[in-house]
There are 4 protein chains.
Amino acid sequence: MEEMKDKCGVFGIYSNDKDINVSGVVYTGLYMLQHRGQESAGIAVKNGDDKIRCHKRMGLVSEVFDDFVLNNLKGDIGIGHNRYSTSGESHVENAQPIVLKYMGGNVAIAHNGNLINWRKLKNDLQEMGFMFQTTSDSEVIGALLAKTHIETENLEESLIKVSKTIKGAFSIVMIAGDKLIAIRDPFGFRPLCLGKLENSYVLASESVAFSPIGAEFVRDIEPGEILIIDKKGLKSIKYEENARTAFCIFEYVYFARPDSTIDGVSVYSARIEAGRNLARECKIDADIVIGVPDSGVPAAIGYSRESGIPYAEGFIKNRYIGRTFIQPSQLKREQSVKLKLSALPGQVGGKKVIMIDDSIVRGTTSKNIVHLLKEAGAKEVHFLSSSPPVKYCCHMGVDTADDPKHLIANNYDIEGIRKEIGADSLHYLSLEGLKKSPIGSNIGYCTACFNGDYPIPVEPLG
Amino acid sequence: MEEMKDKCGVFGIYSNDKDINVSGVVYTGLYMLQHRGQESAGIAVKNGDDKIRCHKRMGLVSEVFDDFVLNNLKGDIGIGHNRYSTSGESHVENAQPIVLKYMGGNVAIAHNGNLINWRKLKNDLQEMGFMFQTTSDSEVIGALLAKTHIETENLEESLIKVSKTIKGAFSIVMIAGDKLIAIRDPFGFRPLCLGKLENSYVLASESVAFSPIGAEFVRDIEPGEILIIDKKGLKSIKYEENARTAFCIFEYVYFARPDSTIDGVSVYSARIEAGRNLARECKIDADIVIGVPDSGVPAAIGYSRESGIPYAEGFIKNRYIGRTFIQPSQLKREQSVKLKLSALPGQVGGKKVIMIDDSIVRGTTSKNIVHLLKEAGAKEVHFLSSSPPVKYCCHMGVDTADDPKHLIANNYDIEGIRKEIGADSLHYLSLEGLKKSPIGSNIGYCTACFNGDYPIPVEPLG
Amino acid sequence: MEEMKDKCGVFGIYSNDKDINVSGVVYTGLYMLQHRGQESAGIAVKNGDDKIRCHKRMGLVSEVFDDFVLNNLKGDIGIGHNRYSTSGESHVENAQPIVLKYMGGNVAIAHNGNLINWRKLKNDLQEMGFMFQTTSDSEVIGALLAKTHIETENLEESLIKVSKTIKGAFSIVMIAGDKLIAIRDPFGFRPLCLGKLENSYVLASESVAFSPIGAEFVRDIEPGEILIIDKKGLKSIKYEENARTAFCIFEYVYFARPDSTIDGVSVYSARIEAGRNLARECKIDADIVIGVPDSGVPAAIGYSRESGIPYAEGFIKNRYIGRTFIQPSQLKREQSVKLKLSALPGQVGGKKVIMIDDSIVRGTTSKNIVHLLKEAGAKEVHFLSSSPPVKYCCHMGVDTADDPKHLIANNYDIEGIRKEIGADSLHYLSLEGLKKSPIGSNIGYCTACFNGDYPIPVEPLG
Amino acid sequence: MEEMKDKCGVFGIYSNDKDINVSGVVYTGLYMLQHRGQESAGIAVKNGDDKIRCHKRMGLVSEVFDDFVLNNLKGDIGIGHNRYSTSGESHVENAQPIVLKYMGGNVAIAHNGNLINWRKLKNDLQEMGFMFQTTSDSEVIGALLAKTHIETENLEESLIKVSKTIKGAFSIVMIAGDKLIAIRDPFGFRPLCLGKLENSYVLASESVAFSPIGAEFVRDIEPGEILIIDKKGLKSIKYEENARTAFCIFEYVYFARPDSTIDGVSVYSARIEAGRNLARECKIDADIVIGVPDSGVPAAIGYSRESGIPYAEGFIKNRYIGRTFIQPSQLKREQSVKLKLSALPGQVGGKKVIMIDDSIVRGTTSKNIVHLLKEAGAKEVHFLSSSPPVKYCCHMGVDTADDPKHLIANNYDIEGIRKEIGADSLHYLSLEGLKKSPIGSNIGYCTACFNGDYPIPVEPLG
């Protein structure tokens, strides 16, 4: 599918073992979470003196850190953050973690998500005289915590109070004094999970970060949970019971790494099942079924398994994509898709092809991909989306579109979209089909981008 | 498979169109050939004054060049080079293209391959007083050309003479005066092909470089051919007819991009066919067949098609691999494979799995991968290699091993290797099976790494 | 003399002329003020939309900025800051200007000096819930302004209130909303002056910054003055009349550039006069008088003029010093002074030499310099300091020593210091002599480092 | 004076002491020779295996090297090179040392000077088939040595032969095999001297490099001398007795550091004496005499001593000059001199001023400096040049002007120049006066830039 930007990956470690290289573990964790954000990376580490040192820069994890920098980040508690990449305003000031010093001590915050009431909260704080150095909503969380901590003189109480005050999507990993803290919003919009590395604890946006550091997955942080980790161990506070959980179903569709397990369900399996459901809903006479790499592939395999139509690889993806590419002037814009993807004429030539992508957002990439297949000799291209039409903007941190008008499904009916992208037929998985794809999951989903059912009333995007 | 290093990708353009951004085209070509070498990248461009400007650095194409650098490389003939990456001695001095100024003019050389008689040639030149600034065999080619050109006072004649003098694997792209020249050794060890971009000509190691620049594949440069491109057009010289061609069959197995077509055969299709041949040779009772990404995947799909055993994805490959990763000290070495690859328990758990990799060289990676699958719950792991046991070192530019002792197939019989890597069974595709995989190809292959049948007698490696 | 660190140089411009390149002017100003701080440099510029963009980094002005960066800092009001260099904790977070967003708008602050009550002020703010991201006292000023501005709803009133609240040395240049503001503490510890560039106004720590940008010196900002510059012109507020001004006399002795004019007195002339006063106070039988470059030279010339003893250059200073120098291991520490300074045997050999340095702080450099002269053949070395013995630590931003014990004058009497540094005789200018050196000046001085007479009672350094 | 560029500084060490950090010593030496070239810096070190490792880059010594790089340059013989800076074509390929591998072994060459017959020599070599990778004449020296060494099979013999073949200015420091070699041309155009560091030997363009490394000056390398240093000690070969030596007198006037001693004469003393001779030749009624920093200052002091007119400092030079300065667009060009130099009104205001500069080349800087003084209130400005009018281009490596027409003394008579630069009077030191300034020197000088008396007939510059 087209590039969509999720806001960030977070990671944390509370080390009970002197031999653990805390910054090295955070670095490895961030490296595994790179897919959640490529704009900037940062690590903050608290040492024995309760000082927090932080290094953050624009760039990939592997570009931002080197041996020298990691060796200068020594300590026993560490957090890290990958920020997503946008074409617009993106400054190093907005990189995370954000480190603040206040009466109650030092705090470092790494945040994945989006607060919907941050403007009001910031305004209220500013009216009290608070000043801000960034445009990040994470700084607002820190300011609230500072203010509340002074008032209550109790960290736990203030964490609860702050968590109840902020509204929206937030999976937060935080150093506060000598504690590592995880907070997940009551709807559980974004993932966050706990692992164990021998006697130490780790937190990560996705479980995929645990395996290379030798940690074991313990459990997901629950929606509405605050988890405090210190030398006494774990303390869980369920600060809010929500009638409804609303995990972002797009994590299963596109964002999360397929080798992650969220809420007990393998992301990969959910994608396979979405493909199966597509096959159940939509039977097409075709020679082969192919997927658009990477996230369309399991859906294609699932479709093939369910339908019996042979699976094939129709595209090769350039392994070196993701790095900066300077578009030399005379290259035509349509050719640029060929830098990322090439079609295999030997596989698709002369065939009736079912091509599955995870979604259709703006439609431009879809059109280019269909064109690639036709150019490679495909006789028919049947475009299947393993999620329903995207019609509503996200207010919880996913950068689908600023304006619903940019979503192709708001400008055309399905036949219109089909014509626009040049496919021979076009089908979407139903919302029902999508929701039952993560088999065994017992959480509720946020499906607002498909049906406008926002779990929280939202302030207009501005 | 384990990392093997092919020596380099080359690209060239002779522009007949003022509007073509020559350095931009070379940059794009190199970007598409990045898989052939990640150590260094370089571009040399000749401008109207016959001056050649060159920029080369350690790093990936996208790291070595930026807008500023490309804009300073203006001209009408350009060549480029990606060099492979080794852990040992690798200096920027050995980066290519190499630019030399001699009596006959200026020359820039980009070379993929390995000369087996370069030491003797260099020695002979040094005895005549020649000096060298690099340890690259490409500088030897340049020196020979300079010397011969002075003697013969004829560029064409000297190109023929030099091409006959140098022995080994060479696919060369060269700027000499106002000409762009391609030379391929009489055995055709390494690929090299010609394309057309409107009125201009392009050369590339692999055809995959043509599509994103809008060029069309014309033909492979023939073994023993010198192709001279200048304002009069193309001039082909067949300087040597070889009784035998010996194209490196490992290009089909592993090196080349699957979306390239070499000698009329799609690399991807050859890999599918290798999988089919494996299935024909070796029937195994299993639940699923999976491939080790990336090059094992088409073989697995081929095996599945031929055998009827369902294909599945068993591994997820980290998209951000390939960049530098600092190994934090306490990470165990066995864990490091997990940074690159993770197994999908939902796909392989409880199953009898056929796992296909393209080859087994040293065996260490194979062992780690089998272990990953077992850890993910695979009941049985049947390891199939889509090429025969690698038993001989390459002298033509492939960095399999310095010493045949490091090749696992020289230390154990098949049962021994199976035990060593921990598989439940182990099978190799036969050499016959491999050779018939590129269906429709009518060239001969170099298969020395499998059977020791070196097309040219070799001097001992030192 | 030994390296002493003054805190910072500041610069500002309010442009009334569309053609002025605001960031270019600030850059040039900072370049001329480089001697006041080499650790970090920063520029903040407000554009028409009241947004403030800021770029700051560790390094010299010429290293921190390039064309690209300057072109991205467009606007009509700009300020800049050079920070001093210390060997200890110095992070980019402490670089200035500091940019804050609060209810009243955006503010950017560049500050030269040191607040003595910043810990208490910060503490009070933190008790109210304020949080901080740096350890810089400038952030405290910003926080106070934010708080006061909200309370008073009047910028002018809050500037006065804040200026009265903060105690210590402060010469501040600030952007607040659409105004450029200068504030100088009531004692006038640090310099700050106003210039005019056609219809626009400029502010600088020292007048030397005006000439290369084509601006003319107008006047010094007065102690206890707030100057507000906006489209209506200049508005001066004398927020506090002090019984006593206390300009840091060390600015005349060492810090300021000799080509600056402060309080109507040329720094160079004050140094010449200090040399004359030395000659009046202390007659020595010698062949030549030399100065330690750079600040000892005018005192030596003054001494020569008054005494009739010929002036000579005894040392050559390495022009390239100031850049990083890696001390190769085997070089002896005493030799390192020779990287900076070499003595001229032809000038000093066989002579009775009067050597004048601006001061003696820790004494180690003095010893090395005397040794240089003896090695070069000087028969006698009479060391004259053009300022009295330094016995007290500075609390106003000058980094003489953390602890009075490190000041040599607290450990030895004059004869003891003489022996320690190896001179044949040692004399200091009297405090009276120093105070009358800036002829025509009618301001009072801070001379606390010499006599412990701190203008403000100080909290202990910690 | 205006910027003139001398070609390069060279340094070498042959270590007989395991504890010596060879690359560190070369680094320190180059740091002290930085004034001889700021464009690029390089170090080559031979280790025990006779391998030569080299690191060279564009930039200052302190920018090109860091700890990591120096630690990777281990060995027992090392040479280094600083290259001068020009605005035109300057590429890293032309940086030195140049390292070559040929039959006779490995050689590294660092060269200060300019060969006048290099084009012919290069051409002859190219006709024999030799190729070149740079446009540097040093590569030609290497090629000649390689060729000759093969022919003679004797290093010593070939060094003599090569030294006799090349014509022009050359002070060469070279590693050849296990020897460190110094060669100075028979005219002795450029300086080169020998020092001793305990049991080891060092070579440097100027003696000023010895002191900070703890080495002692031994002697100058003689014109026409080859000095071979190896484990047997020193071997001196006087390969050519010249009727005439022709040391570049501009080294005394401007290039060399004042604290260097060349041919037994202190550069500083020679400048003082030039000032005295000016005073003898040219008596002016004035209040003060000042020098243009840095090289005009000793001449001014000498003038003052001889004439009795008081010496004063009239200018302050910006210590941070030399680094890149981006000229912000609206700054007027005449103002840019103020970034480097400011006049002191307190010293020159209302006075009749004698201002001494070392020379007048193009005249533009001279005009700006006179203007500065007038602006600062000088009543009269008498411009004295401590060298005669520059009328001829240098062919020995000094970048005065490409074309004699750019030299102001070829376009105007003295009265015309005076008018052009705006001085009240203008006087030049006579050539006789200049030649007797280095008192005690017994060598001959090249004075071609003043009188066109070229020691070697020159091929036209192209």
# chains A, B, ... in the order shown; residues from 1 in each chain; ligands from 1

$ residues_around --residues "segment 28-33 of chain A" --least-positions-apart "2" --cutoff "6 Å" --atoms "only C-alpha atoms" --output "mmCIF file with N, CA, C and O atoms, in the first residue's frame"
data_model
loop_
_atom_site.group_PDB
_atom_site.id
_atom_site.type_symbol
_atom_site.label_atom_id
_atom_site.label_comp_id
_atom_site.auth_asym_id
_atom_site.auth_seq_id
_atom_site.Cartn_x
_atom_site.Cartn_y
_atom_site.Cartn_z
ATOM 1 N N GLY A 9 7.820 4.021 17.493
ATOM 2 C CA GLY A 9 8.079 2.821 18.269
ATOM 3 C C GLY A 9 8.756 3.218 19.569
ATOM 4 O O GLY A 9 9.564 4.138 19.588
ATOM 5 N N VAL A 25 21.049 -2.592 24.658
ATOM 6 C CA VAL A 25 19.765 -3.295 24.568
ATOM 7 C C VAL A 25 18.708 -2.373 23.938
ATOM 8 O O VAL A 25 17.964 -2.783 23.060
ATOM 9 N N VAL A 26 18.674 -1.123 24.383
ATOM 10 C CA VAL A 26 17.688 -0.196 23.810
ATOM 11 C C VAL A 26 17.955 -0.032 22.314
ATOM 12 O O VAL A 26 17.035 -0.046 21.493
ATOM 13 N N HIS A 35 10.768 -0.185 11.682
ATOM 14 C CA HIS A 35 9.636 -0.046 10.749
ATOM 15 C C HIS A 35 8.565 0.917 11.281
ATOM 16 O O HIS A 35 7.748 1.388 10.523
ATOM 17 N N ARG A 36 8.566 1.206 12.586
ATOM 18 C CA ARG A 36 7.547 2.082 13.165
ATOM 19 C C ARG A 36 7.917 3.557 13.080
ATOM 20 O O ARG A 36 7.130 4.426 13.479
ATOM 21 N N VAL A 61 18.083 4.419 13.242
ATOM 22 C CA VAL A 61 18.784 3.968 14.451
ATOM 23 C C VAL A 61 20.263 3.727 14.164
ATOM 24 O O VAL A 61 21.140 4.171 14.910
ATOM 25 N N ALA A 209 10.779 -7.110 19.180
ATOM 26 C CA ALA A 209 12.014 -6.537 19.709
ATOM 27 C C ALA A 209 12.675 -7.407 20.768
ATOM 28 O O ALA A 209 13.838 -7.207 21.113
#

$ residues_around --residues "Thr134 of chain C" --least-positions-apart "2" --cutoff "8 Å" --atoms "only C-alpha atoms" --output "MDAnalysis selection string"
(chainID A and resid 100:101) or (chainID C and resid 93:94 132 136 139)

$ interface_residues --of "chain C" --to "chain D" --cutoff "8 Å" --atoms "only C-alpha atoms" --output "number ranges by chain"
C: 19-21, 24-25, 28, 32, 34-35, 62, 66-67, 211-214, 258-259, 266, 268-269, 298, 301, 312-313, 316, 318-320, 323-331, 335-339, 342-344, 346-347

$ residues_around --residues "segment 188-205 of chain A" --least-positions-apart "4" --cutoff "8 Å" --atoms "only C-alpha atoms" --output "VMD selection string"
chain A and resid 9 to 17 29 33 112 to 113 169 to 171 173 182 184 209 to 210 213 to 224 229 245 to 248 262 396 446

$ closest_residue --among "C:Ile356, C:Ile408, C:Ile284, C:Cys449" --to "Tyr428 of chain C" --atoms "only C-alpha atoms"
C:Ile356

$ atom_distance --atom1 "atom CA of Arg362 of chain D" --atom2 "atom CA of Thr135 of chain D"
27.4 Å

$ residues_around --residues "Ala299 of chain D" --least-positions-apart "2" --cutoff "8 Å" --atoms "only C-alpha atoms" --output "ChimeraX atom specification"
/D:271-276,291,295-297,301-303,356-358,386

$ select_by_dssp --residues "segment 57-257 of chain A" --states "alpha helix (DSSP H)" --output "JSON, numbers by chain"
{"A": [61, 62, 63, 64, 67, 68, 69, 70, 71, 118, 119, 120, 121, 122, 123, 124, 125, 126, 127, 137, 138, 139, 140, 141, 142, 143, 144, 145, 146, 147, 148, 149, 150, 151, 152, 155, 156, 157, 158, 159, 160, 161, 162, 163, 164, 165, 250]}

$ write_last_selection --atoms "N, CA and C atoms" --output "tab-separated table (two decimals), in the first residue's frame"
chain	number	residue	atom	x	y	z
A	61	VAL	N	18.08	4.42	13.24
A	61	VAL	CA	18.78	3.97	14.45
A	61	VAL	C	20.26	3.73	14.16
A	62	SER	N	20.54	3.05	13.04
A	62	SER	CA	21.93	2.70	12.74
A	62	SER	C	22.76	3.91	12.34
A	63	GLU	N	22.10	4.99	11.95
A	63	GLU	CA	22.82	6.21	11.60
A	63	GLU	C	23.02	7.11	12.82
A	64	VAL	N	22.05	7.09	13.73
A	64	VAL	CA	22.07	8.02	14.86
A	64	VAL	C	23.08	7.59	15.93
A	67	ASP	N	29.33	3.36	18.37
A	67	ASP	CA	29.92	2.84	19.60
A	67	ASP	C	30.20	3.94	20.61
A	68	PHE	N	30.76	5.03	20.11
A	68	PHE	CA	31.15	6.12	20.99
A	68	PHE	C	29.95	6.67	21.75
A	69	VAL	N	28.87	6.90	21.02
A	69	VAL	CA	27.68	7.46	21.64
A	69	VAL	C	27.08	6.48	22.63
A	70	LEU	N	26.98	5.21	22.24
A	70	LEU	CA	26.37	4.22	23.13
A	70	LEU	C	27.19	4.06	24.41
A	71	ASN	N	28.51	4.11	24.27
A	71	ASN	CA	29.36	3.97	25.46
A	71	ASN	C	29.21	5.14	26.42
A	118	TRP	N	-4.57	17.64	23.38
A	118	TRP	CA	-3.30	18.27	23.76
A	118	TRP	C	-3.32	19.78	23.58
A	119	ARG	N	-4.06	20.25	22.57
A	119	ARG	CA	-4.08	21.70	22.38
A	119	ARG	C	-4.71	22.39	23.58
A	120	LYS	N	-5.83	21.84	24.04
A	120	LYS	CA	-6.49	22.44	25.20
A	120	LYS	C	-5.62	22.32	26.45
A	121	LEU	N	-5.03	21.16	26.62
A	121	LEU	CA	-4.18	20.96	27.81
A	121	LEU	C	-3.00	21.92	27.79
A	122	LYS	N	-2.42	22.06	26.62
A	122	LYS	CA	-1.27	22.96	26.49
A	122	LYS	C	-1.69	24.39	26.77
A	123	ASN	N	-2.84	24.74	26.24
A	123	ASN	CA	-3.37	26.08	26.46
A	123	ASN	C	-3.58	26.36	27.94
A	124	ASP	N	-4.21	25.41	28.62
A	124	ASP	CA	-4.45	25.57	30.06
A	124	ASP	C	-3.13	25.77	30.80
A	125	LEU	N	-2.16	24.96	30.42
A	125	LEU	CA	-0.85	25.06	31.09
A	125	LEU	C	-0.20	26.40	30.77
A	126	GLN	N	-0.32	26.81	29.54
A	126	GLN	CA	0.27	28.10	29.16
A	126	GLN	C	-0.39	29.24	29.90
A	127	GLU	N	-1.69	29.12	30.11
A	127	GLU	CA	-2.37	30.17	30.88
A	127	GLU	C	-1.85	30.25	32.30
A	137	ASP	N	3.31	16.68	21.57
A	137	ASP	CA	2.35	16.48	22.65
A	137	ASP	C	3.00	15.77	23.84
A	138	SER	N	4.13	15.15	23.62
A	138	SER	CA	4.82	14.47	24.71
A	138	SER	C	5.30	15.47	25.75
A	139	GLU	N	5.68	16.67	25.30
A	139	GLU	CA	6.12	17.68	26.26
A	139	GLU	C	4.95	18.11	27.14
A	140	VAL	N	3.73	18.06	26.58
A	140	VAL	CA	2.54	18.40	27.35
A	140	VAL	C	2.33	17.37	28.46
A	141	ILE	N	2.52	16.10	28.10
A	141	ILE	CA	2.39	15.04	29.11
A	141	ILE	C	3.37	15.28	30.26
A	142	GLY	N	4.62	15.63	29.89
A	142	GLY	CA	5.64	15.88	30.90
A	142	GLY	C	5.25	17.06	31.79
A	143	ALA	N	4.75	18.12	31.19
A	143	ALA	CA	4.38	19.31	31.96
A	143	ALA	C	3.25	18.99	32.93
A	144	LEU	N	2.27	18.24	32.43
A	144	LEU	CA	1.15	17.83	33.30
A	144	LEU	C	1.66	17.02	34.49
A	145	LEU	N	2.57	16.10	34.18
A	145	LEU	CA	3.10	15.25	35.24
A	145	LEU	C	3.84	16.11	36.26
A	146	ALA	N	4.66	17.03	35.77
A	146	ALA	CA	5.42	17.89	36.68
A	146	ALA	C	4.46	18.64	37.60
A	147	LYS	N	3.46	19.27	36.99
A	147	LYS	CA	2.50	20.06	37.77
A	147	LYS	C	1.77	19.20	38.80
A	148	THR	N	1.30	18.05	38.35
A	148	THR	CA	0.50	17.19	39.22
A	148	THR	C	1.36	16.61	40.34
A	149	HIS	N	2.60	16.25	39.98
A	149	HIS	CA	3.49	15.67	40.97
A	149	HIS	C	3.76	16.66	42.10
A	150	ILE	N	3.96	17.92	41.76
A	150	ILE	CA	4.18	18.95	42.79
A	150	ILE	C	2.94	19.07	43.68
A	151	GLU	N	1.76	19.08	43.04
A	151	GLU	CA	0.53	19.25	43.80
A	151	GLU	C	0.25	18.07	44.73
A	152	THR	N	0.42	16.88	44.17
A	152	THR	CA	0.04	15.69	44.95
A	152	THR	C	1.19	15.21	45.83
A	155	LEU	N	4.12	10.37	43.23
A	155	LEU	CA	4.33	10.06	41.82
A	155	LEU	C	3.19	9.20	41.28
A	156	GLU	N	2.84	8.16	42.04
A	156	GLU	CA	1.82	7.21	41.60
A	156	GLU	C	0.50	7.93	41.34
A	157	GLU	N	0.12	8.70	42.34
A	157	GLU	CA	-1.13	9.44	42.25
A	157	GLU	C	-1.12	10.37	41.02
A	158	SER	N	0.03	10.98	40.80
A	158	SER	CA	0.06	11.93	39.67
A	158	SER	C	0.07	11.18	38.34
A	159	LEU	N	0.68	10.03	38.29
A	159	LEU	CA	0.63	9.24	37.05
A	159	LEU	C	-0.83	8.90	36.72
A	160	ILE	N	-1.56	8.51	37.72
A	160	ILE	CA	-2.97	8.16	37.52
A	160	ILE	C	-3.75	9.39	37.04
A	161	LYS	N	-3.52	10.49	37.75
A	161	LYS	CA	-4.24	11.73	37.42
A	161	LYS	C	-3.93	12.16	35.97
A	162	VAL	N	-2.66	12.14	35.63
A	162	VAL	CA	-2.27	12.55	34.28
A	162	VAL	C	-2.89	11.61	33.24
A	163	SER	N	-2.81	10.32	33.53
A	163	SER	CA	-3.33	9.34	32.57
A	163	SER	C	-4.81	9.52	32.33
A	164	LYS	N	-5.51	9.97	33.37
A	164	LYS	CA	-6.95	10.20	33.21
A	164	LYS	C	-7.23	11.52	32.48
A	165	THR	N	-6.30	12.45	32.59
A	165	THR	CA	-6.51	13.77	32.00
A	165	THR	C	-6.29	13.77	30.49
A	250	PHE	N	-5.51	-1.32	12.07
A	250	PHE	CA	-4.50	-1.14	11.02
A	250	PHE	C	-3.13	-1.69	11.42

$ select_by_dssp --residues "segment 257-405 of chain B" --states "strand (DSSP E or B)" --output "PyMOL selection string"
chain B and resi 261-262+265-266+288-291+311+315-317+321+323+341-343+352-357+380-385+398

$ residues_around --residues "Gly350 of chain D" --least-positions-apart "6" --cutoff "8 Å" --atoms "only C-alpha atoms" --output "compact mmCIF listing (two decimals) with all heavy atoms, in the first residue's frame"
# COMPACT_ATOMS: atom_id res chain seq x y z
N GLY D 377 40.99 57.92 11.32
CA GLY D 377 41.40 59.26 11.67
C GLY D 377 42.86 59.63 11.44
O GLY D 377 43.32 60.70 11.83
N ALA D 378 43.62 58.73 10.79
CA ALA D 378 45.02 59.04 10.52
C ALA D 378 45.11 60.30 9.67
O ALA D 378 44.38 60.45 8.69
CB ALA D 378 45.70 57.86 9.81
N LYS D 379 46.01 61.21 10.04
CA LYS D 379 46.14 62.46 9.31
C LYS D 379 46.88 62.22 7.99
O LYS D 379 46.49 62.70 6.93
CB LYS D 379 46.88 63.48 10.16
CG LYS D 379 46.63 64.92 9.76
CD LYS D 379 46.99 65.87 10.90
CE LYS D 379 48.49 65.86 11.16
NZ LYS D 379 48.88 66.72 12.31

$ atom_distance --atom1 "atom CA of Tyr392 of chain B" --atom2 "atom CA of Ser441 of chain B"
24.4 Å

$ residues_around --residues "Gly452 of chain A" --least-positions-apart "2" --cutoff "10 Å" --atoms "only C-alpha atoms" --output "ChimeraX atom specification"
/A:390-394,446-450,454-455

$ residues_around --residues "His427 of chain D" --least-positions-apart "6" --cutoff "9 Å" --atoms "only C-alpha atoms" --output "PyMOL selection string"
chain D and resi 278+282+382-386+388+414+418

$ write_last_selection --atoms "C-alpha atoms" --output "compact mmCIF listing (two decimals), in the first residue's frame"
# COMPACT_ATOMS: atom_id res chain seq x y z
CA LEU D 278 63.92 50.95 5.09
CA CYS D 282 63.76 56.45 3.51
CA HIS D 382 52.90 56.83 4.45
CA PHE D 383 52.98 53.38 2.95
CA LEU D 384 56.32 51.57 3.09
CA SER D 385 56.87 48.18 1.56
CA SER D 386 59.66 46.17 3.15
CA PRO D 388 60.81 46.05 -3.75
CA ILE D 414 55.29 54.52 -8.03
CA ARG D 418 50.45 55.72 -4.50

$ atom_distance --atom1 "atom CA of Val99 of chain D" --atom2 "atom CA of Arg53 of chain B"
21.0 Å

$ decode --residues "segment 28-48 of chain B" --atoms "C-alpha atoms" --output "PDB file, in the first residue's frame"
ATOM      1  CA  THR B  28      19.989   5.298 -10.748  1.00  0.00           C
ATOM      2  CA  GLY B  29      21.659   2.378 -12.490  1.00  0.00           C
ATOM      3  CA  LEU B  30      24.048   1.833  -9.600  1.00  0.00           C
ATOM      4  CA  TYR B  31      21.159   2.102  -7.163  1.00  0.00           C
ATOM      5  CA  MET B  32      19.491  -0.815  -8.948  1.00  0.00           C
ATOM      6  CA  LEU B  33      22.758  -2.775  -8.902  1.00  0.00           C
ATOM      7  CA  GLN B  34      23.417  -2.132  -5.215  1.00  0.00           C
ATOM      8  CA  HIS B  35      23.018  -5.848  -4.442  1.00  0.00           C
ATOM      9  CA  ARG B  36      26.242  -6.542  -6.372  1.00  0.00           C
ATOM     10  CA  GLY B  37      28.421  -4.483  -4.027  1.00  0.00           C
ATOM     11  CA  GLN B  38      27.912  -2.414  -0.902  1.00  0.00           C
ATOM     12  CA  GLU B  39      31.448  -1.447   0.014  1.00  0.00           C
ATOM     13  CA  SER B  40      32.063   1.532  -2.202  1.00  0.00           C
ATOM     14  CA  ALA B  41      30.434   3.370  -5.071  1.00  0.00           C
ATOM     15  CA  GLY B  42      31.836   5.640  -7.729  1.00  0.00           C
ATOM     16  CA  ILE B  43      30.885   7.542 -10.855  1.00  0.00           C
ATOM     17  CA  ALA B  44      33.193   8.975 -13.534  1.00  0.00           C
ATOM     18  CA  VAL B  45      31.888  11.340 -16.177  1.00  0.00           C
ATOM     19  CA  LYS B  46      33.626  12.711 -19.234  1.00  0.00           C
ATOM     20  CA  ASN B  47      32.618  16.192 -20.292  1.00  0.00           C
ATOM     21  CA  GLY B  48      32.943  18.018 -23.585  1.00  0.00           C
TER      22      GLY B  48
END
